[in-house]
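One file, my_file.csv, is given below (CSV, C-alpha atoms and all ligand atoms).
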chain,number,residue,atom,x,y,z
L,137,MET,CA,-80.9,-168.5,-155.2
L,138,PRO,CA,-80.1,-169.8,-158.7
L,139,VAL,CA,-76.8,-168.6,-160.2
L,140,GLN,CA,-77.0,-165.7,-162.6
L,141,ALA,CA,-75.3,-165.1,-165.9
L,142,LYS,CA,-72.6,-162.4,-165.6
L,143,ILE,CA,-70.2,-161.1,-168.1
L,144,GLY,CA,-66.9,-159.7,-166.8
L,145,PRO,CA,-64.7,-158.2,-169.5
L,146,SER,CA,-60.9,-158.5,-168.9
L,147,ILE,CA,-59.2,-155.2,-169.6
L,148,LEU,CA,-55.8,-156.9,-170.1
L,149,ASN,CA,-55.7,-156.2,-173.8
L,150,ALA,CA,-57.4,-152.8,-173.6
L,151,ASP,CA,-55.5,-149.6,-173.9
L,152,LEU,CA,-54.1,-149.5,-170.3
L,153,SER,CA,-53.0,-145.9,-170.6
L,154,ASN,CA,-56.7,-145.1,-170.9
L,155,LEU,CA,-58.0,-147.6,-168.3
L,156,ALA,CA,-60.7,-145.6,-166.7
L,157,ALA,CA,-62.3,-144.7,-170.0
L,158,GLU,CA,-62.0,-148.2,-171.4
L,159,SER,CA,-63.5,-149.6,-168.2
L,160,GLN,CA,-66.4,-147.2,-168.2
L,161,LYS,CA,-67.1,-147.9,-171.8
L,162,LEU,CA,-67.4,-151.6,-171.0
L,163,LEU,CA,-69.7,-151.0,-168.1
L,164,ASP,CA,-71.9,-148.6,-170.3
L,165,ASN,CA,-72.0,-151.4,-172.8
L,166,GLY,CA,-73.5,-153.8,-170.3
L,167,ALA,CA,-70.6,-155.5,-168.5
L,168,ASP,CA,-71.7,-157.0,-165.2
L,169,TYR,CA,-68.3,-156.6,-163.5
L,170,LEU,CA,-64.7,-155.9,-164.4
L,171,HIS,CA,-62.0,-158.6,-164.4
L,172,LEU,CA,-58.6,-157.1,-163.5
L,173,ASP,CA,-55.6,-159.4,-164.3
L,174,VAL,CA,-52.8,-158.9,-161.8
L,175,MET,CA,-49.6,-160.7,-162.7
L,176,ASP,CA,-46.3,-160.6,-160.8
L,177,GLY,CA,-43.8,-162.0,-163.3
L,178,THR,CA,-43.2,-165.0,-161.1
L,179,PHE,CA,-46.3,-167.1,-161.0
L,180,VAL,CA,-46.8,-166.2,-164.7
L,181,PRO,CA,-44.2,-165.0,-167.2
L,182,ASN,CA,-45.8,-161.5,-167.5
L,183,LEU,CA,-46.2,-158.4,-165.5
L,184,THR,CA,-49.3,-156.2,-165.4
L,185,PHE,CA,-50.3,-153.9,-162.5
L,186,GLY,CA,-51.0,-153.9,-158.8
L,187,HIS,CA,-53.1,-152.3,-156.1
L,188,PRO,CA,-52.1,-148.6,-156.8
L,189,MET,CA,-53.6,-148.9,-160.3
L,190,VAL,CA,-56.7,-150.6,-159.0
L,191,LYS,CA,-57.1,-147.9,-156.4
L,192,SER,CA,-56.8,-145.2,-159.0
L,193,LEU,CA,-59.4,-146.9,-161.1
L,194,ARG,CA,-61.7,-147.2,-158.1
L,195,ASN,CA,-61.4,-143.5,-157.5
L,196,LYS,CA,-62.9,-142.9,-161.0
L,197,ILE,CA,-65.4,-145.8,-161.1
L,198,LYS,CA,-67.2,-145.8,-157.8
L,199,THR,CA,-69.8,-148.5,-157.9
L,200,ALA,CA,-68.8,-151.3,-160.4
L,201,PHE,CA,-68.0,-154.8,-159.1
L,202,PHE,CA,-64.2,-155.3,-159.3
L,203,GLU,CA,-62.7,-158.8,-159.5
L,204,THR,CA,-58.9,-159.0,-159.3
L,205,HIS,CA,-57.5,-162.2,-160.8
L,206,MET,CA,-54.3,-162.7,-158.8
L,207,MET,CA,-51.8,-164.6,-160.9
L,208,VAL,CA,-49.2,-164.1,-158.2
L,209,GLN,CA,-46.9,-166.3,-156.2
L,210,LYS,CA,-47.9,-164.9,-152.8
L,211,PRO,CA,-51.6,-164.0,-152.9
L,212,GLU,CA,-51.6,-163.5,-149.1
L,213,GLN,CA,-49.3,-160.5,-149.6
L,214,TRP,CA,-51.8,-158.4,-151.5
L,215,ILE,CA,-55.0,-159.0,-149.6
L,216,GLU,CA,-55.0,-155.8,-147.5
L,217,PRO,CA,-53.9,-153.5,-150.2
L,218,MET,CA,-56.5,-154.8,-152.6
L,219,ALA,CA,-59.2,-154.6,-150.0
L,220,ASP,CA,-58.1,-151.0,-149.4
L,221,ALA,CA,-58.2,-150.4,-153.2
L,222,GLY,CA,-61.9,-151.3,-153.2
L,223,VAL,CA,-61.8,-154.8,-154.7
L,224,ASN,CA,-65.0,-156.8,-154.3
L,225,LEU,CA,-63.8,-160.3,-155.3
L,226,TYR,CA,-60.2,-161.5,-154.8
L,227,THR,CA,-59.6,-164.6,-156.9
L,228,PHE,CA,-56.3,-166.3,-156.4
L,229,HIS,CA,-54.6,-169.5,-157.7
L,230,VAL,CA,-54.4,-172.4,-155.4
L,231,GLU,CA,-51.2,-173.8,-157.0
L,232,PRO,CA,-48.6,-171.9,-155.1
L,233,VAL,CA,-50.5,-171.7,-151.8
L,234,GLN,CA,-49.7,-173.9,-148.8
L,235,ASP,CA,-52.7,-173.1,-146.7
L,236,VAL,CA,-55.6,-172.2,-149.0
L,237,VAL,CA,-58.2,-172.2,-146.2
L,238,ARG,CA,-56.2,-169.6,-144.2
L,239,VAL,CA,-55.9,-167.3,-147.2
L,240,CYS,CA,-59.6,-167.6,-148.0
L,241,ARG,CA,-60.4,-166.6,-144.4
L,242,GLN,CA,-58.0,-163.6,-144.6
L,243,VAL,CA,-59.7,-162.5,-147.8
L,244,GLN,CA,-63.2,-162.8,-146.4
L,245,GLU,CA,-62.1,-161.1,-143.1
L,246,SER,CA,-60.8,-158.2,-145.1
L,247,GLY,CA,-64.3,-157.7,-146.5
L,248,MET,CA,-63.9,-159.2,-150.0
L,249,LYS,CA,-65.4,-162.3,-151.5
L,250,VAL,CA,-63.0,-165.0,-152.4
L,251,GLY,CA,-62.4,-166.9,-155.7
L,252,LEU,CA,-60.3,-169.9,-156.2
L,253,ALA,CA,-58.6,-170.4,-159.6
L,254,ILE,CA,-57.0,-173.4,-161.2
L,255,LYS,CA,-54.6,-173.6,-164.1
L,256,PRO,CA,-55.3,-176.0,-167.0
L,257,GLY,CA,-52.9,-178.6,-165.5
L,258,THR,CA,-54.5,-178.7,-162.1
L,259,GLU,CA,-57.2,-181.3,-161.4
L,260,VAL,CA,-60.6,-179.9,-160.5
L,261,GLN,CA,-60.9,-182.3,-157.6
L,262,GLU,CA,-58.1,-180.3,-155.9
L,263,LEU,CA,-60.8,-177.8,-155.2
L,264,GLU,CA,-63.2,-180.2,-153.5
L,265,LYS,CA,-62.1,-179.5,-150.0
L,266,TYR,CA,-62.4,-175.7,-150.5
L,267,VAL,CA,-65.6,-175.2,-152.4
L,268,SER,CA,-67.7,-174.8,-149.3
L,269,ILE,CA,-65.7,-171.7,-148.3
L,270,ALA,CA,-65.2,-170.2,-151.7
L,271,ASP,CA,-67.6,-167.7,-153.2
L,272,VAL,CA,-66.4,-168.4,-156.8
L,273,VAL,CA,-64.4,-171.0,-158.6
L,274,LEU,CA,-62.4,-170.0,-161.7
L,275,VAL,CA,-61.5,-172.7,-164.3
L,276,MET,CA,-58.8,-171.3,-166.5
L,277,THR,CA,-59.4,-172.1,-170.2
L,278,VAL,CA,-55.9,-171.0,-171.2
L,279,GLU,CA,-52.5,-171.0,-169.5
L,280,PRO,CA,-52.6,-167.8,-167.4
L,281,GLY,CA,-50.3,-165.1,-168.5
L,282,PHE,CA,-51.5,-163.5,-171.7
L,283,GLY,CA,-54.7,-162.4,-173.4
L,284,GLY,CA,-55.7,-163.5,-176.9
L,285,GLN,CA,-54.9,-167.2,-176.6
L,286,SER,CA,-56.9,-170.1,-177.9
L,287,PHE,CA,-59.7,-171.5,-175.8
L,288,MET,CA,-59.0,-175.0,-174.4
L,289,ASP,CA,-62.3,-176.9,-174.7
L,290,ASP,CA,-60.8,-179.9,-172.9
L,291,MET,CA,-61.3,-177.9,-169.7
L,292,MET,CA,-65.0,-178.2,-170.0
L,293,PRO,CA,-65.3,-181.5,-168.1
L,294,LYS,CA,-63.9,-179.6,-165.1
L,295,VAL,CA,-66.7,-177.1,-165.4
L,296,LYS,CA,-69.3,-179.8,-165.8
L,297,TRP,CA,-68.0,-181.7,-162.8
L,298,LEU,CA,-68.3,-178.6,-160.7
L,299,ARG,CA,-71.8,-177.8,-161.9
L,300,ASP,CA,-73.0,-181.4,-161.4
L,301,ASN,CA,-71.7,-181.4,-157.9
L,302,TYR,CA,-72.4,-177.8,-156.9
L,303,PRO,CA,-75.6,-176.6,-158.5
L,304,SER,CA,-75.6,-173.2,-156.8
L,305,LEU,CA,-71.8,-172.4,-157.1
L,306,ASP,CA,-70.6,-169.4,-159.1
L,307,ILE,CA,-68.4,-171.0,-161.8
L,308,GLU,CA,-66.2,-168.7,-163.8
L,309,VAL,CA,-64.3,-169.4,-167.0
L,310,ASP,CA,-61.4,-167.3,-168.3
L,311,GLY,CA,-59.3,-167.4,-171.5
L,312,GLY,CA,-60.2,-167.4,-175.1
L,313,VAL,CA,-63.9,-167.0,-174.4
L,314,GLY,CA,-66.0,-165.2,-176.9
L,315,PRO,CA,-69.1,-165.6,-179.1
L,316,LYS,CA,-67.6,-168.7,-180.7
L,317,THR,CA,-66.7,-170.5,-177.5
L,318,ILE,CA,-69.5,-169.4,-175.2
L,319,HIS,CA,-71.8,-172.2,-176.1
L,320,CYS,CA,-69.7,-175.0,-174.7
L,321,CYS,CA,-68.9,-172.9,-171.6
L,322,ALA,CA,-72.6,-172.4,-170.9
L,323,GLU,CA,-73.5,-175.9,-171.7
L,324,ALA,CA,-70.9,-177.2,-169.3
L,325,GLY,CA,-72.4,-175.0,-166.6
L,326,ALA,CA,-70.3,-171.8,-166.3
L,327,ASN,CA,-72.2,-168.7,-165.3
L,328,MET,CA,-69.5,-166.1,-164.8
L,329,ILE,CA,-67.8,-165.4,-168.1
L,330,VAL,CA,-64.5,-163.5,-168.5
L,331,SER,CA,-63.9,-162.3,-172.0
L,332,GLY,CA,-61.0,-160.1,-173.0
L,333,THR,CA,-60.1,-159.8,-176.7
L,334,ALA,CA,-63.5,-160.8,-178.0
L,335,VAL,CA,-65.2,-158.0,-176.1
L,336,VAL,CA,-62.6,-155.3,-175.9
L,337,GLY,CA,-61.8,-155.6,-179.6
L,338,ALA,CA,-65.4,-155.8,-180.8
L,339,SER,CA,-66.8,-153.0,-182.9
L,340,ASP,CA,-70.1,-153.4,-181.0
L,341,GLN,CA,-69.2,-154.3,-177.4
L,342,ALA,CA,-72.8,-154.1,-176.2
L,343,GLN,CA,-73.9,-156.7,-178.8
L,344,VAL,CA,-71.1,-159.2,-177.9
L,345,ILE,CA,-71.8,-158.9,-174.2
L,346,LYS,CA,-75.5,-159.3,-174.6
L,347,GLU,CA,-75.1,-162.2,-177.0
L,348,MET,CA,-72.9,-164.1,-174.5
L,349,ARG,CA,-75.2,-163.4,-171.6
L,350,ASP,CA,-78.2,-164.6,-173.6
L,351,VAL,CA,-76.4,-167.9,-174.4
L,352,VAL,CA,-75.6,-168.5,-170.7
L,353,HIS,CA,-79.2,-167.7,-169.8
L,354,THR,CA,-80.5,-170.4,-172.1
L,355,TYR,CA,-78.5,-173.0,-170.2
L,356,LEU,CA,-79.3,-171.9,-166.7
L,357,LYS,CA,-81.9,-173.9,-165.0
L,401,LIG,C1,-55.1,-164.7,-169.0
L,401,LIG,C2,-56.0,-163.8,-168.2
L,401,LIG,C3,-57.3,-163.6,-168.9
L,401,LIG,C4,-57.2,-163.1,-170.3
L,401,LIG,C5,-58.5,-163.0,-171.0
L,401,LIG,O1,-54.0,-164.9,-168.2
L,401,LIG,O2,-56.3,-164.3,-167.0
L,401,LIG,O3,-58.2,-162.9,-168.1
L,401,LIG,O4,-56.7,-161.8,-170.3
L,401,LIG,O5,-58.3,-162.5,-172.3
L,401,LIG,P1,-58.8,-163.3,-173.6
L,401,LIG,O6,-60.3,-163.4,-173.5
L,401,LIG,O7,-58.4,-162.5,-174.7
L,401,LIG,O8,-58.2,-164.7,-173.6
L,402,ZN,ZN,-58.0,-163.4,-165.9
Using structure tokens, write down the structure from this file.
Amino acid sequence: MPVQAKIGPSILNADLSNLAAESQKLLDNGADYLHLDVMDGTFVPNLTFGHPMVKSLRNKIKTAFFETHMMVQKPEQWIEPMADAGVNLYTFHVEPVQDVVRVCRQVQESGMKVGLAIKPGTEVQELEKYVSIADVVLVMTVEPGFGGQSFMDDMMPKVKWLRDNYPSLDIEVDGGVGPKTIHCCAEAGANMIVSGTAVVGASDQAQVIKEMRDVVHTYLK
């Protein structure tokens, strides 16, 4: 099956005291999934939230597809709690992990899909040995840790390399992506688009989501 264009807003820069309402609004405005940024203050110099909050959100939003972007030092530690919280896609960074294959298996055995993420400084070829077991690959287009940073277009060769080599892989980009930067992401071959500030802060979220999905569509074969 050919890959599909999907827009997954990041709620990192939304009003987190109002998370359920903010999330529901994004879904009502056409979001295909929600991208939930989990940070542990160690792998990245910032702290967000963990599985209790994801579980509370799941209690209010029953059916949406949840991705947790695990910017954590020990992704293996949170697999079971996140599965229990109703997460659909568990995306973790390969950088701090010794046995990536084992963690992938554990994620899949817990009933979730698995995503593999790389920071800007990590070579994309690092992922080569894991792509066959991953459901999604995430190429970071900012240093992970904070929303609202500038898009790094020099990450696009990584996306292009993945698309050239894996035509049916779900390739996600995250960081500084919005209407101004979506074209080069789509042209390089990304089909899962995380967008935080550009969507959450938009006066017309539905328009921004649709615009980005349409651009990705035009590049999909
Ligand atoms: C950065 C996070 C991103 C970020 C996206 O560490 O992983 O998901 O919040 O937000 P924007 O689109 O504002 O860069
Ligand atoms: Zn993210």
Practice item. Counting all atoms listed in the file, name the residues that have an atom within 9 Å of an atom of ligand ZN 402 (chain L); the answer should be given as a PyMOL selection string. Key: chain L and resi 146+148+171-174+204-207+274+276+280-283+309-311+330-332
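Minimum distance to ligand LIG 401 (chain L) across L:His229, L:Lys265, L:Lys249, L:His319 (counting only C-alpha atoms and all ligand atoms) occurs at L:His229.
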**Study point:** Contacts of Tyr169 of chain L within 9 Å, all atoms listed in the file, excl. fewer than 6 positions in-chain, as a PyMOL selection string
**Key:** chain L and resi 142-145+163+200-203
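Between atom CA of Asp220 of chain L and atom CA of Asp235 of chain L there is a distance of 22.9 Å.
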**Study point:** Shell around Gly251 of chain L at 8 Å using all atoms listed in the file, local window under 6 positions removed, as number ranges by chain
**Key:** L: 225-228, 270-274
